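These notes concern the structure reproduced below.
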Amino acid sequence: MEVNVGFENLISTMVAAACRGDGTAVAACFTPDGVYHDCFYGAFQGAAIVEMVEQYFHRDACHFKWDLHTVVDDGHTGYARYVFSYESRLPGALGKRALFEGVCICELQGGKIAAYREVANSAVGLHNLGFEPARIVRRLAREAQELADRPEAAAHRAG
């Protein structure tokens, strides 16, 4: 796969806007009915992406840093490995820094993101925040179920 400068600029614009809390600029990187599936908050479509960035991301955290590495695409699907961190605003984890890495997978359409999802090592970030093991296990169980429910996992479920 070759790097498409258009996708690299698009994903860089999206993450910079998310870090500064500009939900409108994040949503502008998506098709009108595009879906942003966040590993913590779930799926948000179209205008709801603004709410996700402004009401969830920046309610629960601040001082975001989101570095992109190895950005590639084939014109239809874009990938970028990332390292992401933030300072928690959550009770019991106030001021602690979460750090994790992941990969975003973007379905592209007409120079915009039609669907964004991520595969992230979220347990590491939750551990950084001091979450109890049982809470981390519940999060991992939800991730496992989401993977099992995806169409590409059907043959794997069948054995």
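In the structure tokens, chains take the letters A, B, ... in the order shown, each chain's residues start at 1, and ligands count up from 1 in the order shown.
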| message | Report as an MDAnalysis selection string all protein, DNA and RNA residues lying within 9 Å of Cys39 (chain A), evaluated on only C-alpha atoms, omitting residues in the same chain fewer than 6 positions from it. | response | chainID A and resid 117:120 122 143
Write the selection just made, keeping N, CA and C atoms, as a PDB file, in the first residue's frame?
ATOM      1  N   ARG A 117     -13.009   3.189  12.840  1.00  0.00           N
ATOM      2  CA  ARG A 117     -13.012   2.343  14.027  1.00  0.00           C
ATOM      3  C   ARG A 117     -11.578   2.149  14.432  1.00  0.00           C
ATOM      4  N   GLU A 118     -11.396   1.676  15.646  1.00  0.00           N
ATOM      5  CA  GLU A 118     -10.039   1.511  16.136  1.00  0.00           C
ATOM      6  C   GLU A 118      -9.866   0.200  16.868  1.00  0.00           C
ATOM      7  N   VAL A 119      -8.664  -0.296  16.791  1.00  0.00           N
ATOM      8  CA  VAL A 119      -8.243  -1.436  17.583  1.00  0.00           C
ATOM      9  C   VAL A 119      -7.186  -0.859  18.509  1.00  0.00           C
ATOM     10  N   ALA A 120      -7.488  -0.796  19.788  1.00  0.00           N
ATOM     11  CA  ALA A 120      -6.603  -0.105  20.727  1.00  0.00           C
ATOM     12  C   ALA A 120      -6.330  -0.977  21.943  1.00  0.00           C
ATOM     13  N   SER A 122      -6.684  -0.684  25.014  1.00  0.00           N
ATOM     14  CA  SER A 122      -7.360   0.148  26.011  1.00  0.00           C
ATOM     15  C   SER A 122      -7.085  -0.298  27.438  1.00  0.00           C
ATOM     16  N   GLU A 143     -15.101  -5.622  24.564  1.00  0.00           N
ATOM     17  CA  GLU A 143     -14.310  -5.620  23.333  1.00  0.00           C
ATOM     18  C   GLU A 143     -14.348  -6.986  22.660  1.00  0.00           C
TER      19      GLU A 143
END
Residues of region 85-132 of chain A that approach region 42-58 of chain A to 12 Å or less, counting only C-alpha atoms: could you list each one with the shortest pair of atoms and its distance in Å to one decimal, rows by chain and increasing residue number, as a Markdown table?
| residue | atom | partner | partner_atom | distance |
| --- | --- | --- | --- | --- |
| A:Ser85 | CA | A:Phe57 | CA | 11.8 |
| A:Tyr86 | CA | A:Phe57 | CA | 9.6 |
| A:Glu87 | CA | A:His58 | CA | 10.1 |
| A:Ser88 | CA | A:His58 | CA | 9.6 |
| A:Arg89 | CA | A:His58 | CA | 8.7 |
| A:Leu90 | CA | A:His58 | CA | 10.9 |
| A:Ile113 | CA | A:Gly46 | CA | 10.8 |
| A:Ala114 | CA | A:Gly46 | CA | 9.6 |
| A:Ala115 | CA | A:Gln45 | CA | 9.0 |
| A:Tyr116 | CA | A:Ala43 | CA | 9.1 |
| A:Arg117 | CA | A:Ala43 | CA | 8.6 |
| A:Glu118 | CA | A:Gly42 | CA | 10.5 |
Write to file, as a JSON list (two decimals), in the first residue's frame, the residues of the selection just made, with C-alpha atoms.
[["chain", "number", "residue", "atom", "x", "y", "z"],
["A", 85, "SER", "CA", -2.68, 9.94, 25.87],
["A", 86, "TYR", "CA", -4.78, 12.23, 28.00],
["A", 87, "GLU", "CA", -5.19, 13.47, 31.54],
["A", 88, "SER", "CA", -8.25, 12.03, 33.25],
["A", 89, "ARG", "CA", -11.07, 14.13, 34.69],
["A", 90, "LEU", "CA", -12.83, 11.03, 36.04],
["A", 113, "ILE", "CA", -14.11, 9.11, 6.22],
["A", 114, "ALA", "CA", -17.26, 7.00, 5.84],
["A", 115, "ALA", "CA", -16.43, 4.81, 8.84],
["A", 116, "TYR", "CA", -13.76, 5.05, 11.53],
["A", 117, "ARG", "CA", -13.01, 2.34, 14.03],
["A", 118, "GLU", "CA", -10.04, 1.51, 16.14]]
| request: Enumerate the residues of chain A with a DSSP assignment of strand (DSSP E), computed from the backbone, and present them as a count of residues only. | output: 60
| said: Among region 73-125 of chain A, which ones does DSSP assign to alpha helix (DSSP H) (computed from the backbone)? Answer as number ranges by chain. | reply: A: 122-125
Would you put the residues from that selection into a file with N, CA and C atoms, as a PDB file, in the first residue's frame?
ATOM      1  N   SER A 122      -6.684  -0.684  25.014  1.00  0.00           N
ATOM      2  CA  SER A 122      -7.360   0.148  26.011  1.00  0.00           C
ATOM      3  C   SER A 122      -7.085  -0.298  27.438  1.00  0.00           C
ATOM      4  N   ALA A 123      -6.813  -1.564  27.655  1.00  0.00           N
ATOM      5  CA  ALA A 123      -6.554  -2.053  29.018  1.00  0.00           C
ATOM      6  C   ALA A 123      -5.337  -1.373  29.630  1.00  0.00           C
ATOM      7  N   VAL A 124      -4.327  -1.086  28.810  1.00  0.00           N
ATOM      8  CA  VAL A 124      -3.129  -0.411  29.318  1.00  0.00           C
ATOM      9  C   VAL A 124      -3.494   0.987  29.822  1.00  0.00           C
ATOM     10  N   GLY A 125      -4.279   1.717  29.041  1.00  0.00           N
ATOM     11  CA  GLY A 125      -4.703   3.052  29.452  1.00  0.00           C
ATOM     12  C   GLY A 125      -5.529   3.022  30.722  1.00  0.00           C
TER      13      GLY A 125
END
At a cut-off of 12 Å, can you tabulate as CSV every residue of region 106-157 of chain A near region 8-19 of chain A together with its closest atom pair and the distance in Å to one decimal, using only C-alpha atoms and ordering rows by chain then number?
residue,atom,partner,partner_atom,distance
A:Cys106,CA,A:Ile11,CA,9.0
A:Glu107,CA,A:Ile11,CA,11.7
A:Leu108,CA,A:Leu10,CA,10.3
A:Gln109,CA,A:Leu10,CA,12.0
A:Gly110,CA,A:Leu10,CA,11.7
A:Gly111,CA,A:Leu10,CA,8.1
A:Lys112,CA,A:Leu10,CA,7.4
A:Ile113,CA,A:Leu10,CA,8.3
A:Tyr116,CA,A:Ile11,CA,10.1
